[in-house]
Amino acid sequence: MTQRSPRSPEQAHKESTGCTGKRSRTGFVPLSEFDERALLSDYRFLEEAAAAGEAAHRVAPAQRRAMPPPHLQELVHQARNRGVALHLQHPGMERRARNSSCFNRRERRLRWHVEWRFPAVGFAAVDKRVDEGRPLGELLSKHLALTPGGAEKAHRLREYADAGANTLTIVMRQELRPANDPAFYRLPPSLPLAGALRGKTLVEFPGLKINRAVVLSREVLLWYL
């Protein structure tokens with residue numbers, strides 16, 4: 001008959017409690033028992049946790065950019081149908097917040113948010129939801145004309161109005177170019193807004209600058225074809 005070896009107190013403890021004999025790596029250790037061995041164990045535990053986190057990050061699927069709401073998807077789609085590459089910024093960004101452009105589904109017309117800059121006098125003006133069929137020259141003339149309640153604006157833009165339409169040029173910055181290498185499109189005032197924007201790239205909306213002939217000599221221009 002085979003005799004079993006007597007169990008040690010440690011073996012009896014393991015069998016009765018399920019203890020593995022290893023210190024719990026997340027259990028509480030009194031300060032009086034926190035020796036060099038415990039410190040080394042904690043250090044290794046932190047290293048393993050960091051490695052596991054990095055591995056999970058590597059295999060995690062890349063987050064997709066949130067899709068814009070349907071009305072903005074429609075705006076981008078309709079702009080593309082008209083030959084305009086429209087780029088929308090993230091919600092909360094300044095140009096995104098200012099943009100009033102929309103697509104009128106009932107009329108099947110794009111209405112653009114247009115910002116005008118008159119650098120010679122440091123003035124800016126805005127047209128909200130302008131129909132795509134409006135000629136640029138007509139829109140510009142509206143800003144230069146004296147209208148009821150617009151005396152201050154007319155005074156600020158008097159230098160442009162007095163210069164005459166023949167000396168004014170409408171230009172639009174070419175988007176997505178390096179900041180140190182700007183270029184501009186020259187837009188004929190007879191063109192409707194839709195024609196002026198065809199073949200262009202926009203970030204949110206068109207920004208038009210009104211230059212006088214003396215300023216044009218210092219600009220790099222890409223002529224509209």
# chains A, B, ... in the order shown; residues from 1 in each chain; ligands from 1
call {"tool": "residues_around", "arguments": {"residues": "A:Gln89", "least_positions_apart": "5", "cutoff": "12 Å", "atoms": "only C-alpha atoms", "output": "PyMOL selection string"}}
result
chain A and resi 65-68+72+76+94-99+202-205
call {"tool": "residues_around", "arguments": {"residues": "A:Arg80", "least_positions_apart": "6", "cutoff": "10 Å", "atoms": "only C-alpha atoms", "output": "PyMOL selection string"}}
result
chain A and resi 74+86+198-199+201
call {"tool": "closest_residue", "arguments": {"among": "A:Pro188, A:Leu139, A:Asn104, A:Trp112", "to": "A:Val84", "atoms": "only C-alpha atoms"}}
result
A:Trp112
call {"tool": "select_by_dssp", "arguments": {"residues": "stretch 44-221 of chain A", "states": "alpha helix (DSSP H)", "output": "NGL selection string"}}
result
:A and (44-59 or 70-81 or 94-98 or 136-144 or 151-156 or 158-163 or 193-197 or 213-216)
call {"tool": "atom_distance", "arguments": {"atom1": "atom CA of A:Leu168", "atom2": "atom CA of A:Ser190"}}
result
12.9 Å
call {"tool": "atom_distance", "arguments": {"atom1": "atom CA of A:Glu152", "atom2": "atom CA of A:Arg134"}}
result
25.2 Å
call {"tool": "atom_distance", "arguments": {"atom1": "atom CA of A:Tyr160", "atom2": "atom CA of A:Ala194"}}
result
24.8 Å
call {"tool": "closest_residue", "arguments": {"among": "A:His113, A:His87, A:Arg44, A:Arg129", "to": "A:Glu175", "atoms": "only C-alpha atoms"}}
result
A:His87
call {"tool": "select_by_dssp", "arguments": {"residues": "stretch 35-176 of chain A", "states": "strand (DSSP E or B)", "output": "JSON, numbers by chain"}}
result
{"A": [85, 86, 87, 102, 103, 104, 109, 110, 111, 112, 113, 114, 115, 116, 117, 118, 123, 124, 125, 126, 127, 128, 129, 130, 131, 135, 168, 169, 170, 171, 172, 173]}
call {"tool": "write_last_selection", "arguments": {"atoms": "N, CA and C atoms", "output": "mmCIF file, in the first residue's frame"}}
result
data_model
loop_
_atom_site.group_PDB
_atom_site.id
_atom_site.type_symbol
_atom_site.label_atom_id
_atom_site.label_comp_id
_atom_site.auth_asym_id
_atom_site.auth_seq_id
_atom_site.Cartn_x
_atom_site.Cartn_y
_atom_site.Cartn_z
ATOM 1 N N ALA A 85 -15.971 72.142 -55.951
ATOM 2 C CA ALA A 85 -15.492 71.237 -54.901
ATOM 3 C C ALA A 85 -15.634 71.958 -53.565
ATOM 4 N N LEU A 86 -16.695 71.635 -52.850
ATOM 5 C CA LEU A 86 -17.007 72.321 -51.596
ATOM 6 C C LEU A 86 -16.496 71.505 -50.419
ATOM 7 N N HIS A 87 -15.645 72.116 -49.603
ATOM 8 C CA HIS A 87 -15.105 71.477 -48.404
ATOM 9 C C HIS A 87 -15.734 72.131 -47.179
ATOM 10 N N CYS A 102 -27.105 77.285 -48.655
ATOM 11 C CA CYS A 102 -28.085 76.204 -48.582
ATOM 12 C C CYS A 102 -28.542 75.830 -49.989
ATOM 13 N N PHE A 103 -29.200 74.690 -50.074
ATOM 14 C CA PHE A 103 -29.811 74.264 -51.331
ATOM 15 C C PHE A 103 -31.315 74.294 -51.155
ATOM 16 N N ASN A 104 -31.987 75.072 -52.008
ATOM 17 C CA ASN A 104 -33.438 75.168 -51.967
ATOM 18 C C ASN A 104 -34.008 74.027 -52.811
ATOM 19 N N ARG A 109 -32.312 75.275 -56.451
ATOM 20 C CA ARG A 109 -31.321 76.330 -56.627
ATOM 21 C C ARG A 109 -30.381 76.356 -55.429
ATOM 22 N N LEU A 110 -29.107 76.636 -55.722
ATOM 23 C CA LEU A 110 -28.141 76.869 -54.653
ATOM 24 C C LEU A 110 -28.176 78.338 -54.268
ATOM 25 N N ARG A 111 -28.096 78.578 -52.985
ATOM 26 C CA ARG A 111 -28.022 79.946 -52.480
ATOM 27 C C ARG A 111 -26.756 80.043 -51.629
ATOM 28 N N TRP A 112 -25.867 80.918 -52.048
ATOM 29 C CA TRP A 112 -24.536 80.981 -51.461
ATOM 30 C C TRP A 112 -24.395 82.096 -50.432
ATOM 31 N N HIS A 113 -23.641 81.787 -49.413
ATOM 32 C CA HIS A 113 -23.142 82.799 -48.483
ATOM 33 C C HIS A 113 -21.899 83.401 -49.138
ATOM 34 N N VAL A 114 -21.882 84.716 -49.316
ATOM 35 C CA VAL A 114 -20.764 85.386 -49.987
ATOM 36 C C VAL A 114 -20.228 86.483 -49.073
ATOM 37 N N GLU A 115 -18.928 86.473 -48.879
ATOM 38 C CA GLU A 115 -18.294 87.527 -48.081
ATOM 39 C C GLU A 115 -17.398 88.365 -48.991
ATOM 40 N N TRP A 116 -17.543 89.687 -48.853
ATOM 41 C CA TRP A 116 -16.796 90.647 -49.661
ATOM 42 C C TRP A 116 -15.796 91.377 -48.773
ATOM 43 N N ARG A 117 -14.614 91.602 -49.313
ATOM 44 C CA ARG A 117 -13.611 92.391 -48.592
ATOM 45 C C ARG A 117 -13.135 93.535 -49.481
ATOM 46 N N PHE A 118 -13.042 94.698 -48.862
ATOM 47 C CA PHE A 118 -12.567 95.907 -49.537
ATOM 48 C C PHE A 118 -11.298 96.354 -48.804
ATOM 49 N N PHE A 123 -12.832 97.298 -44.998
ATOM 50 C CA PHE A 123 -14.265 97.072 -44.793
ATOM 51 C C PHE A 123 -14.653 95.699 -45.338
ATOM 52 N N ALA A 124 -15.617 95.063 -44.682
ATOM 53 C CA ALA A 124 -16.123 93.766 -45.130
ATOM 54 C C ALA A 124 -17.642 93.797 -45.142
ATOM 55 N N ALA A 125 -18.234 93.069 -46.072
ATOM 56 C CA ALA A 125 -19.689 92.987 -46.187
ATOM 57 C C ALA A 125 -20.077 91.539 -46.464
ATOM 58 N N VAL A 126 -21.325 91.217 -46.171
ATOM 59 C CA VAL A 126 -21.805 89.841 -46.305
ATOM 60 C C VAL A 126 -23.122 89.824 -47.060
ATOM 61 N N ASP A 127 -23.246 88.881 -47.985
ATOM 62 C CA ASP A 127 -24.525 88.569 -48.621
ATOM 63 C C ASP A 127 -24.903 87.158 -48.191
ATOM 64 N N LYS A 128 -26.072 87.006 -47.614
ATOM 65 C CA LYS A 128 -26.513 85.695 -47.159
ATOM 66 C C LYS A 128 -27.497 85.088 -48.154
ATOM 67 N N ARG A 129 -27.231 83.838 -48.496
ATOM 68 C CA ARG A 129 -28.118 83.045 -49.343
ATOM 69 C C ARG A 129 -28.450 83.751 -50.653
ATOM 70 N N VAL A 130 -27.389 84.063 -51.392
ATOM 71 C CA VAL A 130 -27.526 84.716 -52.691
ATOM 72 C C VAL A 130 -27.825 83.659 -53.749
ATOM 73 N N ASP A 131 -28.821 83.910 -54.581
ATOM 74 C CA ASP A 131 -29.150 82.971 -55.646
ATOM 75 C C ASP A 131 -27.970 82.819 -56.595
ATOM 76 N N PRO A 135 -25.597 87.960 -61.159
ATOM 77 C CA PRO A 135 -24.283 88.365 -61.679
ATOM 78 C C PRO A 135 -23.437 89.018 -60.583
ATOM 79 N N LEU A 168 -12.175 98.567 -60.937
ATOM 80 C CA LEU A 168 -12.336 97.571 -59.873
ATOM 81 C C LEU A 168 -12.267 96.163 -60.453
ATOM 82 N N THR A 169 -11.652 95.287 -59.718
ATOM 83 C CA THR A 169 -11.529 93.899 -60.141
ATOM 84 C C THR A 169 -11.940 92.986 -58.997
ATOM 85 N N ILE A 170 -12.735 91.973 -59.322
ATOM 86 C CA ILE A 170 -13.173 90.990 -58.332
ATOM 87 C C ILE A 170 -12.221 89.799 -58.395
ATOM 88 N N VAL A 171 -11.605 89.478 -57.282
ATOM 89 C CA VAL A 171 -10.699 88.332 -57.243
ATOM 90 C C VAL A 171 -11.102 87.412 -56.097
ATOM 91 N N MET A 172 -10.758 86.143 -56.251
ATOM 92 C CA MET A 172 -11.041 85.140 -55.224
ATOM 93 C C MET A 172 -9.798 84.296 -55.007
ATOM 94 N N ARG A 173 -9.432 84.135 -53.781
ATOM 95 C CA ARG A 173 -8.235 83.366 -53.445
ATOM 96 C C ARG A 173 -8.418 81.902 -53.825
#
call {"tool": "residues_around", "arguments": {"residues": "A:Leu157", "least_positions_apart": "4", "cutoff": "12 Å", "atoms": "only C-alpha atoms", "output": "list of chain:residue names"}}
result
A:Trp116, A:Arg117, A:Phe118, A:Pro119, A:Ala120, A:Val121, A:Gly122, A:Phe123, A:Ala124, A:Ala125, A:Leu140, A:Ser141, A:Lys142, A:His143, A:Leu144, A:Ala145, A:Leu146, A:Gly150, A:Ala151, A:Glu152, A:Lys153, A:Ala161, A:Asp162, A:Ala163, A:Gly164, A:Ile210
